[in-house]
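Source file: target-v1.csv. Holds: CSV, C-alpha atoms.
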```csv
chain,number,residue,atom,x,y,z
C,146,MET,CA,-26.6,-49.3,-14.0
C,147,GLY,CA,-24.6,-49.2,-17.2
C,148,ASN,CA,-21.1,-48.5,-18.3
C,149,VAL,CA,-21.5,-44.7,-18.1
C,150,GLU,CA,-21.5,-45.0,-14.3
C,151,ARG,CA,-17.8,-46.0,-14.4
C,152,CYS,CA,-17.1,-42.4,-15.2
C,153,ASP,CA,-14.8,-40.7,-12.7
C,154,LYS,CA,-16.0,-37.1,-12.8
C,155,THR,CA,-12.9,-35.8,-11.0
C,156,LEU,CA,-10.4,-37.4,-13.4
C,157,PRO,CA,-8.1,-34.6,-14.9
C,158,LEU,CA,-8.3,-36.3,-18.3
C,159,ASN,CA,-12.1,-35.7,-18.4
C,160,GLU,CA,-11.5,-32.0,-17.8
C,161,MET,CA,-8.7,-31.9,-20.4
C,162,ILE,CA,-10.7,-33.3,-23.3
C,163,PHE,CA,-13.5,-30.7,-22.8
C,164,TYR,CA,-11.1,-27.8,-23.3
C,165,VAL,CA,-9.0,-29.5,-26.1
C,166,ARG,CA,-12.1,-30.1,-28.3
C,167,ARG,CA,-13.0,-26.4,-28.1
C,168,ASP,CA,-9.6,-24.9,-28.8
C,169,ALA,CA,-7.8,-25.2,-32.2
C,170,VAL,CA,-4.4,-24.4,-30.6
C,171,LEU,CA,-4.8,-27.1,-28.1
C,172,ARG,CA,-5.9,-29.5,-30.8
C,173,THR,CA,-2.7,-28.8,-32.7
C,174,ARG,CA,-0.7,-29.3,-29.5
C,175,TRP,CA,-2.4,-32.6,-29.0
C,176,LEU,CA,-0.5,-33.9,-32.0
C,177,SER,CA,2.8,-32.1,-31.4
C,178,ASP,CA,3.2,-32.0,-27.6
C,179,LEU,CA,0.7,-34.4,-26.0
C,180,GLU,CA,3.0,-35.0,-23.0
C,181,GLY,CA,3.4,-31.3,-22.3
C,182,LEU,CA,-0.3,-30.8,-22.6
C,183,ALA,CA,-1.0,-33.7,-20.3
C,184,ARG,CA,1.4,-32.2,-17.7
C,185,GLU,CA,-0.3,-28.8,-17.8
C,186,PHE,CA,-3.7,-30.4,-17.2
C,187,GLY,CA,-2.4,-32.5,-14.3
C,188,LEU,CA,-2.8,-35.9,-15.8
C,189,SER,CA,-1.2,-38.9,-14.1
C,190,ARG,CA,1.4,-40.9,-15.9
C,191,GLU,CA,-1.2,-43.7,-16.2
C,192,GLU,CA,-3.7,-41.3,-17.8
C,193,TYR,CA,-1.1,-40.0,-20.3
C,194,GLU,CA,0.0,-43.4,-21.3
C,195,ALA,CA,-3.5,-44.7,-21.9
C,196,VAL,CA,-4.2,-41.7,-24.2
C,197,ARG,CA,-0.8,-42.1,-26.0
C,198,ASP,CA,-1.5,-45.8,-26.6
C,199,LYS,CA,-5.1,-45.1,-27.7
C,200,ASP,CA,-6.0,-47.9,-25.3
C,201,VAL,CA,-9.8,-47.9,-25.3
C,202,ARG,CA,-10.3,-50.5,-22.5
C,203,ARG,CA,-7.8,-48.8,-20.2
C,204,LEU,CA,-9.3,-45.4,-20.7
C,205,ASN,CA,-12.8,-46.8,-19.9
C,206,GLU,CA,-11.6,-48.7,-16.9
C,207,MET,CA,-9.8,-45.7,-15.3
C,208,GLY,CA,-13.0,-43.6,-15.6
C,209,VAL,CA,-12.7,-41.6,-18.7
C,210,HIS,CA,-16.3,-40.7,-19.7
C,211,GLN,CA,-17.2,-43.1,-22.4
C,212,TYR,CA,-18.4,-40.3,-24.7
C,213,TYR,CA,-14.9,-38.9,-24.7
C,214,ILE,CA,-13.1,-42.1,-25.8
C,215,PRO,CA,-14.0,-41.9,-29.5
C,216,GLN,CA,-13.3,-38.2,-29.3
C,217,ILE,CA,-9.8,-39.0,-28.1
C,218,LEU,CA,-9.4,-41.2,-31.2
C,219,ARG,CA,-10.8,-38.4,-33.4
C,220,LEU,CA,-8.1,-36.1,-32.0
C,221,PHE,CA,-5.5,-38.5,-33.4
C,222,TYR,CA,-7.2,-39.7,-36.5
C,223,GLY,CA,-9.4,-36.8,-37.6
C,224,ALA,CA,-13.1,-36.6,-38.0
C,225,SER,CA,-13.8,-36.8,-41.7
C,226,ALA,CA,-16.1,-39.7,-42.8
C,227,ASN,CA,-16.0,-41.1,-39.3
C,228,SER,CA,-18.0,-44.1,-40.2
C,229,ASN,CA,-17.8,-47.6,-38.9
C,230,SER,CA,-14.8,-48.3,-41.1
C,231,HIS,CA,-12.9,-45.6,-39.2
C,232,PRO,CA,-9.7,-46.6,-37.2
C,233,ALA,CA,-11.9,-46.2,-34.2
C,234,LEU,CA,-13.5,-49.5,-35.1
C,235,GLU,CA,-10.1,-51.1,-35.0
C,236,ALA,CA,-9.4,-49.7,-31.6
C,237,TYR,CA,-12.7,-50.9,-30.2
C,238,ARG,CA,-12.1,-54.3,-31.8
C,239,ARG,CA,-8.9,-54.6,-29.9
C,240,ALA,CA,-10.5,-53.4,-26.6
C,241,TYR,CA,-13.8,-55.2,-26.8
C,242,PRO,CA,-13.5,-58.1,-29.4
C,243,HIS,CA,-16.7,-59.9,-28.2
C,244,GLU,CA,-19.0,-56.8,-28.2
C,245,THR,CA,-17.6,-55.4,-31.4
C,246,ALA,CA,-17.9,-58.7,-33.2
C,247,ALA,CA,-21.6,-58.9,-32.1
C,248,ALA,CA,-22.1,-55.4,-33.6
C,249,GLU,CA,-20.4,-56.4,-36.8
C,250,ARG,CA,-22.7,-59.4,-37.2
C,251,LEU,CA,-25.7,-57.0,-37.0
C,252,LEU,CA,-24.1,-54.8,-39.7
C,253,ALA,CA,-23.6,-57.8,-42.0
C,254,ARG,CA,-27.2,-59.0,-41.5
C,255,PRO,CA,-29.4,-58.7,-44.6
C,256,ALA,CA,-31.7,-55.6,-44.3
C,257,ARG,CA,-35.1,-56.3,-42.9
C,258,ARG,CA,-38.0,-54.7,-44.7
C,259,GLU,CA,-39.5,-51.9,-42.6
C,260,GLY,CA,-43.1,-51.2,-43.2
C,261,ARG,CA,-44.6,-47.7,-42.9
C,262,GLY,CA,-45.7,-47.1,-39.4
C,263,GLU,CA,-44.0,-50.2,-38.1
C,264,GLY,CA,-42.7,-50.0,-34.6
D,242,MET,CA,-50.9,-18.1,-24.1
D,243,ALA,CA,-48.6,-19.9,-26.4
D,244,ARG,CA,-50.1,-22.7,-28.4
D,245,ILE,CA,-48.6,-26.1,-29.1
D,246,VAL,CA,-49.2,-26.9,-32.7
D,247,ALA,CA,-46.9,-29.9,-33.3
D,248,ALA,CA,-45.0,-32.6,-31.4
D,249,MET,CA,-42.5,-34.9,-33.0
D,250,ALA,CA,-39.3,-36.8,-32.2
D,251,MET,CA,-36.4,-38.1,-34.2
D,252,THR,CA,-32.9,-39.6,-33.8
D,253,HIS,CA,-30.0,-37.2,-34.2
D,254,SER,CA,-27.2,-39.7,-34.9
D,255,PRO,CA,-24.2,-38.1,-36.6
D,256,GLY,CA,-24.3,-40.7,-39.3
D,257,LEU,CA,-27.6,-39.2,-40.6
D,258,THR,CA,-25.5,-36.4,-42.1
D,259,GLY,CA,-21.9,-37.4,-41.6
D,260,TRP,CA,-21.9,-40.7,-43.4
D,261,PHE,CA,-25.5,-41.2,-44.5
D,262,ASP,CA,-24.5,-43.2,-47.6
D,263,ARG,CA,-22.8,-45.9,-45.5
D,264,ALA,CA,-26.2,-47.4,-44.5
D,265,PRO,CA,-28.0,-50.0,-46.6
D,266,GLU,CA,-29.9,-48.3,-49.4
D,267,ASP,CA,-33.3,-49.3,-48.1
D,268,GLN,CA,-32.5,-47.6,-44.8
D,269,GLN,CA,-31.4,-44.4,-46.6
D,270,ILE,CA,-34.7,-44.4,-48.6
D,271,GLU,CA,-36.8,-45.0,-45.5
D,272,ALA,CA,-35.0,-42.3,-43.5
D,273,ARG,CA,-35.4,-39.7,-46.2
D,274,ARG,CA,-39.0,-40.5,-46.7
D,275,ALA,CA,-39.7,-40.1,-42.9
D,276,LEU,CA,-37.7,-37.0,-42.6
D,277,ASP,CA,-39.4,-35.4,-45.6
D,278,GLU,CA,-42.7,-36.2,-44.0
D,279,MET,CA,-41.7,-34.8,-40.6
D,280,ARG,CA,-40.6,-31.6,-42.4
D,281,GLU,CA,-43.8,-31.3,-44.3
D,282,ARG,CA,-45.9,-31.8,-41.2
D,283,LEU,CA,-43.9,-29.3,-39.3
D,284,ARG,CA,-44.3,-26.7,-42.1
D,285,ALA,CA,-48.1,-27.4,-42.2
D,286,ALA,CA,-48.4,-26.7,-38.5
D,287,ARG,CA,-47.0,-23.1,-39.2
D,288,PRO,CA,-45.0,-22.8,-36.0
D,289,ASP,CA,-43.5,-19.4,-35.0
D,290,VAL,CA,-40.9,-21.2,-32.9
D,291,ILE,CA,-39.4,-24.7,-32.5
D,292,LEU,CA,-38.9,-25.7,-28.9
D,293,LEU,CA,-36.3,-28.3,-29.3
D,294,PHE,CA,-35.3,-30.8,-26.6
D,295,SER,CA,-32.0,-32.5,-27.0
D,296,ASN,CA,-28.9,-33.3,-24.9
D,297,ASP,CA,-25.6,-31.7,-24.5
D,298,HIS,CA,-22.8,-34.1,-25.5
D,299,LEU,CA,-20.3,-32.6,-23.0
D,300,LEU,CA,-19.8,-29.7,-25.4
D,301,ASN,CA,-21.2,-26.7,-23.6
D,302,TRP,CA,-20.6,-27.8,-20.0
D,303,PRO,CA,-17.5,-29.3,-18.5
D,304,ILE,CA,-17.9,-32.5,-16.6
D,305,ASN,CA,-17.5,-30.7,-13.2
D,306,ASN,CA,-20.6,-28.7,-13.9
D,307,THR,CA,-23.3,-30.3,-15.9
D,308,PRO,CA,-26.7,-28.7,-15.4
D,309,GLU,CA,-29.8,-30.9,-15.7
D,310,TYR,CA,-31.3,-28.5,-18.3
D,311,ALA,CA,-30.0,-25.5,-20.2
D,312,VAL,CA,-31.7,-23.1,-22.5
D,313,GLY,CA,-30.2,-21.2,-25.4
D,314,ILE,CA,-31.4,-17.6,-25.0
D,315,GLY,CA,-29.5,-15.9,-27.8
D,316,PRO,CA,-31.0,-13.9,-30.6
D,317,GLU,CA,-29.3,-16.1,-33.2
D,318,HIS,CA,-28.0,-19.7,-33.1
D,319,VAL,CA,-25.0,-20.6,-35.1
D,320,GLY,CA,-23.7,-24.2,-35.6
D,321,PRO,CA,-22.3,-26.7,-35.9
D,322,ALA,CA,-19.5,-26.0,-33.4
D,323,ASP,CA,-16.1,-26.2,-35.0
D,324,TRP,CA,-15.3,-29.6,-33.5
D,325,TYR,CA,-18.4,-31.0,-35.1
D,326,ASP,CA,-18.8,-29.5,-38.6
D,327,GLU,CA,-16.4,-31.9,-40.4
D,328,TRP,CA,-17.7,-34.9,-38.5
D,329,LEU,CA,-21.3,-34.0,-39.4
D,330,ALA,CA,-20.3,-32.9,-42.9
D,331,LEU,CA,-22.5,-29.8,-42.5
D,332,ALA,CA,-21.8,-26.2,-43.5
D,333,LYS,CA,-22.3,-23.5,-40.9
D,334,TYR,CA,-26.0,-22.5,-40.4
D,335,ARG,CA,-27.7,-19.6,-38.7
D,336,ILE,CA,-31.2,-19.8,-37.1
D,337,PRO,CA,-32.9,-17.0,-35.3
D,338,GLY,CA,-33.5,-17.5,-31.7
D,339,HIS,CA,-36.5,-16.3,-29.6
D,340,PRO,CA,-35.0,-14.6,-26.6
D,341,ALA,CA,-38.3,-13.5,-25.1
D,342,LEU,CA,-39.7,-17.0,-24.9
D,343,ALA,CA,-36.3,-18.5,-23.9
D,344,ARG,CA,-35.7,-16.0,-21.1
D,345,TYR,CA,-39.3,-16.5,-19.9
D,346,LEU,CA,-38.6,-20.2,-19.6
D,347,VAL,CA,-35.5,-19.6,-17.5
D,348,ASN,CA,-37.2,-17.1,-15.2
D,349,GLU,CA,-40.6,-18.6,-14.9
D,350,GLY,CA,-39.0,-22.0,-14.5
D,351,ALA,CA,-37.1,-20.7,-11.4
D,352,ARG,CA,-40.4,-19.5,-10.0
D,353,ARG,CA,-41.8,-23.0,-10.4
D,354,ARG,CA,-38.7,-24.6,-8.8
D,355,LEU,CA,-37.1,-25.7,-12.1
D,356,ALA,CA,-33.4,-24.8,-12.4
D,357,PHE,CA,-32.7,-24.0,-16.0
D,358,ALA,CA,-29.1,-22.9,-16.8
D,359,TYR,CA,-28.8,-20.7,-19.8
D,360,LEU,CA,-26.3,-19.8,-22.5
D,361,ARG,CA,-26.4,-16.7,-24.8
D,362,ASP,CA,-24.0,-18.5,-27.2
D,363,MET,CA,-24.9,-22.1,-27.0
D,364,GLN,CA,-22.7,-24.4,-29.1
D,365,PHE,CA,-24.3,-27.1,-31.2
D,366,ASP,CA,-23.4,-30.7,-31.8
D,367,ASP,CA,-25.4,-33.4,-33.6
D,368,GLY,CA,-28.2,-33.1,-31.1
D,369,VAL,CA,-29.4,-29.8,-32.6
D,370,SER,CA,-27.6,-29.7,-35.9
D,371,VAL,CA,-28.9,-33.0,-37.4
D,372,PRO,CA,-32.6,-32.3,-36.8
D,373,MET,CA,-32.3,-28.6,-37.9
D,374,HIS,CA,-30.6,-29.8,-41.1
D,375,TYR,CA,-33.6,-31.9,-42.0
D,376,LEU,CA,-36.5,-30.1,-40.4
D,377,ASN,CA,-35.6,-26.5,-40.7
D,378,PRO,CA,-33.1,-26.4,-43.6
D,379,GLU,CA,-33.7,-22.8,-44.5
D,380,GLY,CA,-33.4,-21.7,-40.9
D,381,ASP,CA,-36.5,-19.6,-41.2
D,382,VAL,CA,-38.4,-20.9,-38.1
D,383,SER,CA,-37.1,-19.5,-34.8
D,384,LEU,CA,-35.5,-21.9,-32.4
D,385,VAL,CA,-35.3,-22.2,-28.7
D,386,PRO,CA,-32.9,-25.1,-27.9
D,387,VAL,CA,-33.2,-26.8,-24.5
D,388,THR,CA,-30.5,-29.3,-23.7
D,389,MET,CA,-30.4,-31.8,-20.9
D,390,ASN,CA,-27.9,-33.9,-19.2
D,391,CYS,CA,-28.5,-37.6,-19.9
D,392,THR,CA,-24.9,-38.8,-20.0
D,393,VAL,CA,-23.1,-37.6,-16.8
D,394,PRO,CA,-24.3,-39.4,-13.7
D,395,PRO,CA,-26.7,-38.8,-12.0
D,396,ILE,CA,-28.9,-39.3,-15.0
D,397,PRO,CA,-32.5,-38.0,-14.5
D,398,THR,CA,-35.3,-40.6,-14.5
D,399,PRO,CA,-38.1,-40.8,-17.0
D,400,ALA,CA,-40.5,-39.7,-14.4
D,401,ARG,CA,-38.5,-36.5,-13.8
D,402,ALA,CA,-38.3,-35.8,-17.6
D,403,TYR,CA,-42.1,-36.1,-17.8
D,404,GLU,CA,-42.5,-33.9,-14.8
D,405,VAL,CA,-40.3,-31.2,-16.4
D,406,GLY,CA,-42.3,-31.5,-19.6
D,407,THR,CA,-45.5,-31.1,-17.8
D,408,THR,CA,-44.3,-28.0,-16.0
D,409,LEU,CA,-43.0,-26.5,-19.3
D,410,ARG,CA,-46.4,-27.1,-20.9
D,411,GLU,CA,-48.1,-25.3,-18.1
D,412,MET,CA,-45.6,-22.5,-18.3
D,413,LEU,CA,-46.3,-22.1,-22.1
D,414,ARG,CA,-50.0,-21.9,-21.3
D,415,ASP,CA,-49.3,-18.9,-19.1
D,416,TYR,CA,-46.9,-17.2,-21.6
D,417,PRO,CA,-48.0,-13.7,-22.4
D,418,GLY,CA,-47.4,-14.1,-26.2
D,419,ALA,CA,-49.5,-16.0,-28.7
D,420,GLU,CA,-46.7,-17.9,-30.4
D,421,ARG,CA,-47.4,-21.1,-32.2
D,422,VAL,CA,-44.9,-23.7,-30.7
D,423,ALA,CA,-43.7,-26.9,-32.3
D,424,VAL,CA,-42.1,-29.3,-29.8
D,425,VAL,CA,-39.3,-31.4,-31.3
D,426,ALA,CA,-37.4,-34.0,-29.2
D,427,THR,CA,-34.2,-35.5,-30.5
D,428,GLY,CA,-32.0,-38.4,-29.5
D,429,GLY,CA,-32.0,-42.2,-29.2
D,430,LEU,CA,-32.9,-44.8,-29.9
D,431,SER,CA,-30.7,-47.5,-28.5
D,432,HIS,CA,-26.9,-46.8,-28.7
D,433,GLU,CA,-23.9,-46.7,-26.4
D,434,PRO,CA,-21.7,-43.9,-27.6
D,435,GLY,CA,-18.1,-44.7,-26.8
D,436,GLY,CA,-18.9,-47.7,-24.5
D,437,PRO,CA,-18.0,-51.3,-25.0
D,438,ARG,CA,-21.0,-51.7,-27.2
D,439,TYR,CA,-20.3,-48.6,-29.3
D,440,PHE,CA,-21.1,-50.2,-32.6
D,441,TRP,CA,-24.3,-52.0,-31.6
D,442,VAL,CA,-28.0,-51.3,-31.4
D,443,ASP,CA,-30.7,-53.1,-29.5
D,444,GLU,CA,-33.5,-53.6,-32.0
D,445,GLU,CA,-35.7,-55.5,-29.6
D,446,PHE,CA,-35.7,-52.6,-27.1
D,447,ASP,CA,-36.3,-50.0,-29.8
D,448,ARG,CA,-39.4,-51.8,-31.2
D,449,TRP,CA,-40.7,-52.3,-27.6
D,450,PHE,CA,-40.2,-48.6,-26.8
D,451,LEU,CA,-41.9,-47.5,-30.1
D,452,GLY,CA,-44.7,-49.9,-29.3
D,453,LEU,CA,-45.3,-48.2,-26.0
D,454,LEU,CA,-45.4,-44.8,-27.8
D,455,LYS,CA,-48.0,-46.2,-30.2
D,456,GLU,CA,-50.1,-47.4,-27.3
D,457,GLY,CA,-50.2,-43.8,-26.0
D,458,ASP,CA,-50.5,-44.8,-22.4
D,459,HIS,CA,-48.2,-42.4,-20.6
D,460,ALA,CA,-48.5,-44.0,-17.2
D,461,ALA,CA,-47.7,-47.4,-18.6
D,462,LEU,CA,-44.7,-46.1,-20.4
D,463,LEU,CA,-43.4,-44.4,-17.3
D,464,ARG,CA,-43.9,-47.5,-15.3
D,465,GLU,CA,-42.2,-49.9,-17.7
D,466,CYS,CA,-39.5,-47.8,-19.4
D,467,THR,CA,-37.2,-47.4,-16.5
D,468,LEU,CA,-33.8,-45.7,-16.6
D,469,GLU,CA,-32.3,-49.2,-15.9
D,470,ARG,CA,-34.1,-50.6,-18.9
D,471,MET,CA,-32.8,-47.8,-21.1
D,472,GLU,CA,-29.2,-48.3,-19.8
D,473,ALA,CA,-29.4,-52.0,-20.5
D,474,ALA,CA,-30.2,-51.2,-24.1
D,475,GLY,CA,-27.1,-49.0,-24.5
D,476,SER,CA,-25.5,-47.1,-21.7
D,477,GLY,CA,-25.0,-43.3,-21.9
D,478,GLY,CA,-27.0,-43.0,-25.2
D,479,THR,CA,-30.4,-44.7,-25.0
D,480,ALA,CA,-31.3,-42.3,-22.2
D,481,GLU,CA,-31.4,-39.6,-24.8
D,482,LEU,CA,-34.9,-40.9,-25.1
D,483,LEU,CA,-35.6,-38.8,-22.0
D,484,ALA,CA,-36.1,-35.9,-24.4
D,485,TRP,CA,-38.9,-38.0,-26.1
D,486,ILE,CA,-40.4,-38.7,-22.7
D,487,LEU,CA,-40.3,-35.0,-21.9
D,488,ALA,CA,-42.1,-34.3,-25.2
D,489,LEU,CA,-44.8,-36.9,-24.3
D,490,ALA,CA,-46.1,-34.4,-21.8
D,491,PHE,CA,-47.1,-32.2,-24.7
D,492,THR,CA,-49.2,-34.9,-26.3
D,493,SER,CA,-52.1,-37.2,-25.7
D,494,GLY,CA,-52.9,-40.5,-27.3
D,495,PRO,CA,-50.9,-42.7,-29.6
D,496,ALA,CA,-47.8,-41.7,-31.5
D,497,GLU,CA,-47.5,-42.4,-35.2
D,498,VAL,CA,-44.2,-44.1,-35.9
D,499,LEU,CA,-43.1,-42.9,-39.3
D,500,ALA,CA,-40.0,-45.1,-39.5
D,501,TYR,CA,-37.7,-47.3,-37.6
D,502,MET,CA,-34.3,-48.6,-38.8
D,503,PRO,CA,-31.8,-50.6,-36.6
D,504,ALA,CA,-29.1,-48.5,-38.3
D,505,VAL,CA,-25.9,-49.9,-37.1
D,506,ALA,CA,-24.1,-48.0,-39.8
D,507,TRP,CA,-25.4,-44.7,-38.4
D,508,ARG,CA,-24.5,-46.0,-34.9
D,509,SER,CA,-28.0,-45.9,-33.3
D,510,GLY,CA,-31.4,-47.3,-33.5
D,511,THR,CA,-33.0,-44.7,-35.8
D,512,GLY,CA,-36.6,-43.6,-35.6
D,513,MET,CA,-39.0,-40.8,-36.5
D,514,VAL,CA,-42.2,-40.2,-34.6
D,515,VAL,CA,-45.1,-37.7,-34.8
D,516,TRP,CA,-47.9,-37.3,-32.3
D,517,PRO,CA,-51.1,-36.4,-34.1
D,518,ASP,CA,-52.8,-35.1,-30.9
D,519,VAL,CA,-51.0,-32.3,-29.0
D,520,LYS,CA,-51.9,-31.1,-25.5
D,521,ASN,CA,-52.0,-27.4,-24.5
```

The structure in this file should be written as structure tokens.
Amino acid sequence: MGNVERCDKTLPLNEMIFYVRRDAVLRTRWLSDLEGLAREFGLSREEYEAVRDKDVRRLNEMGVHQYYIPQILRLFYGASANSNSHPALEAYRRAYPHETAAAERLLARPARREGRGEG
Amino acid sequence: MARIVAAMAMTHSPGLTGWFDRAPEDQQIEARRALDEMRERLRAARPDVILLFSNDHLLNWPINNTPEYAVGIGPEHVGPADWYDEWLALAKYRIPGHPALARYLVNEGARRRLAFAYLRDMQFDDGVSVPMHYLNPEGDVSLVPVTMNCTVPPIPTPARAYEVGTTLREMLRDYPGAERVAVVATGGLSHEPGGPRYFWVDEEFDRWFLGLLKEGDHAALLRECTLERMEAAGSGGTAELLAWILALAFTSGPAEVLAYMPAVAWRSGTGMVVWPDVKN
């Protein structure tokens, strides 16, 4: 199976992100008191440091659900115009240079004409 | 007896509203044309209610408790959730619910051994917000949202999704009201949200999958399009196509593929499909 099966469903960080996303007060504290927030949710030092460092590869390898990793980046960088030029791209480029380069080649490829009903 | 009057499926990638203009111009034109056509066909079917199958992006349910399916049973649905409105670049919208039908699905499902969780106040991410923006922009057609888990292991299989769709179709046939129901599935095509291949789409898989839909042979699709094949084409995201496979159970014959775009800029293979022949 794929990368999503790396997820550690019992990792405190996976619980924390769910609640931070839904709560404006916690989202503010994310920027002003990340360490205190991490302590309250029972994160290990390793989890906290991976978040603090925005280390995409380490987060993935320790079992953070892959869907939450860009959301962690959004908590730092904001969500507006979160296109492929967003700083998230840079974080993924650092973590997964080979995979991200392959995607960027797709992006740079000339558009292929799509016919109606083509599948 | 409720009556199925339309069945269609589309991608719900956030880029379709959040950063639409970052895609190549021809993809923008193609997407607009296909979405306009879907909206027109939906309107022409005159549905009383849209039964929408999507997936919860870990918004409504924490990771320690992710039901396989959940139904929004409230009298009104409000979205996008605060965390998503800026990202999706969408203003808040309100769409009437259909509590009678939604609560019937939960209770009748239980009698038929289908465990549907439910929420009176379901929160909405791209999975519901993007298709509603394009297909129900005035919010004048009632909505019953059904979300599934296709991202937190264990991920259900295509056979399971089709089985659930079949049971739902049978349940709607036994519904005491005469509502006209449009089935809309959203998600896919290939993408790997947040994974190592976050910015990549698998065009070969997407065209193969759409080709299976165009052939209209459900047994062949269920045999060939395994969960492993979907995961290989983008882990944790491509399996959103389970919603499309669930919707298949409401159809017969070939699908009409309105458009396909390997839209790396929107961050997923992007497609729009309508089934001309529905099944009651």

message = as JSON, numbers by chain, could you give me every residue of chain D near chain C (at most 7 Å apart, counting only C-alpha atoms)?
response = {"D": [259, 260, 300, 303, 304, 305, 324, 327, 328, 394, 434, 435, 436, 437, 438, 440, 441, 448, 451, 452, 469, 472, 473, 476, 477, 497, 498, 499, 500, 501, 505, 506]}

task = Would you mind reading off the distance between CA of Phe357 in chain D and CA of Pro517 in chain D, one decimal, in Å?
result = 28.6 Å

Using all atoms listed in the file, list the residues that have an atom at most 7 Å from (-49.1, -35.0, -30.2), coordinates as in the file, as a PDB file with C-alpha atoms, keeping the file's coordinate frame.
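Saved to result22.pdb:
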```
ATOM      1  CA  ALA D 247     -46.900 -29.900 -33.300  1.00  0.00           C
ATOM      2  CA  ALA D 248     -45.000 -32.600 -31.400  1.00  0.00           C
ATOM      3  CA  PHE D 491     -47.100 -32.200 -24.700  1.00  0.00           C
ATOM      4  CA  THR D 492     -49.200 -34.900 -26.300  1.00  0.00           C
ATOM      5  CA  SER D 493     -52.100 -37.200 -25.700  1.00  0.00           C
ATOM      6  CA  ALA D 496     -47.800 -41.700 -31.500  1.00  0.00           C
ATOM      7  CA  VAL D 515     -45.100 -37.700 -34.800  1.00  0.00           C
ATOM      8  CA  TRP D 516     -47.900 -37.300 -32.300  1.00  0.00           C
ATOM      9  CA  PRO D 517     -51.100 -36.400 -34.100  1.00  0.00           C
ATOM     10  CA  ASP D 518     -52.800 -35.100 -30.900  1.00  0.00           C
ATOM     11  CA  VAL D 519     -51.000 -32.300 -29.000  1.00  0.00           C
ATOM     12  CA  LYS D 520     -51.900 -31.100 -25.500  1.00  0.00           C
TER      13      LYS D 520
END
```

message = I want to know what sits within 10 Å of Ala183 in chain C, based on all atoms listed in the file, with residues of the same chain fewer than 4 positions away left out; could you give that as an MDAnalysis selection string?
response = chainID C and resid 157:158 161 175 178:179 187:190 192:194 196

7 Å contact set for range 380-385 of chain D, only C-alpha atoms, chain neighbours under 2 positions out, as an MDAnalysis selection string = chainID D and resid 289:293 313 335:339 343 377:378 387

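The two atoms in question, CA of Lys455 in chain D and CA of Ala275 in chain D, are spaced 16.4 Å apart.
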
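Taking CA of Ala419 in chain D and CA of Pro386 in chain D as endpoints, the distance between them is 18.9 Å.
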
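Shell of Leu276 in chain D at 8 Å, with only C-alpha atoms counted and residues fewer than 6 places along the chain excluded, is Tyr375, Leu376 and Met513 of chain D.
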
request  = Point out the residue among D:Phe365, D:Phe450, D:Trp507, D:Tyr345 with the least atom-to-atom distance to Met412 in chain D, counting all atoms listed in the file.
outcome  = D:Tyr345

Selection as number ranges by chain: residues within 10 Å of (-36.3, -42.2, -37.8), counting only C-alpha atoms = D: 250-254, 257, 268, 271-276, 279, 429-430, 498-504, 510-514

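The shortest atom-to-atom distance to Asn390 in chain D, with only C-alpha atoms taken into account, belongs to D:Ala402 out of D:Ala402, D:Leu331, D:Ala243, D:Cys466.
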
Kindly provide, as AutoDock Vina command-line options, the centre and edge lengths (Å, one decimal) of an axis-aligned box around all atoms of range 219-224 of chain C given in the file, with 6 Å on each side.
```
--center_x -9.3 --center_y -37.9 --center_z -35.0 --size_x 19.6 --size_y 15.6 --size_z 18.0
```

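Between Glu191 in chain C and the residues C:Ala236, C:Leu218, C:Leu176, C:Leu204, the shortest atom-to-atom distance, using only C-alpha atoms, involves C:Leu204.
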
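Among the candidates D:Leu346, D:Leu462, D:Leu329, D:Ile270, the residue lying nearest to Asp366 in chain D is D:Leu329 (atoms considered: only C-alpha atoms).
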
Mind dumping range 297-302 of chain D from that block, keeping N, CA, C and O atoms, as a PDB file, in the first residue's frame?
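And here's out-v2.pdb as it stands now:
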```pdb
ATOM      1  N   ASP D 297     -14.420  13.120   3.917  1.00  0.00           N
ATOM      2  CA  ASP D 297     -14.037  14.057   4.960  1.00  0.00           C
ATOM      3  C   ASP D 297     -12.512  14.133   5.013  1.00  0.00           C
ATOM      4  O   ASP D 297     -11.844  13.116   5.166  1.00  0.00           O
ATOM      5  N   HIS D 298     -11.968  15.356   4.873  1.00  0.00           N
ATOM      6  CA  HIS D 298     -10.516  15.524   4.916  1.00  0.00           C
ATOM      7  C   HIS D 298     -10.067  15.745   6.364  1.00  0.00           C
ATOM      8  O   HIS D 298      -9.454  16.761   6.693  1.00  0.00           O
ATOM      9  N   LEU D 299     -10.408  14.814   7.222  1.00  0.00           N
ATOM     10  CA  LEU D 299     -10.028  14.897   8.645  1.00  0.00           C
ATOM     11  C   LEU D 299     -10.493  16.214   9.261  1.00  0.00           C
ATOM     12  O   LEU D 299      -9.819  16.772  10.121  1.00  0.00           O
ATOM     13  N   LEU D 300     -11.627  16.703   8.797  1.00  0.00           N
ATOM     14  CA  LEU D 300     -12.175  17.954   9.322  1.00  0.00           C
ATOM     15  C   LEU D 300     -13.251  17.694  10.367  1.00  0.00           C
ATOM     16  O   LEU D 300     -13.262  18.326  11.429  1.00  0.00           O
ATOM     17  N   ASN D 301     -14.147  16.783  10.082  1.00  0.00           N
ATOM     18  CA  ASN D 301     -15.262  16.539  11.006  1.00  0.00           C
ATOM     19  C   ASN D 301     -14.935  15.494  12.067  1.00  0.00           C
ATOM     20  O   ASN D 301     -15.571  15.480  13.119  1.00  0.00           O
ATOM     21  N   TRP D 302     -13.995  14.636  11.753  1.00  0.00           N
ATOM     22  CA  TRP D 302     -13.737  13.519  12.666  1.00  0.00           C
ATOM     23  C   TRP D 302     -12.262  13.472  12.998  1.00  0.00           C
ATOM     24  O   TRP D 302     -11.432  13.474  12.099  1.00  0.00           O
TER      25      TRP D 302
END
```
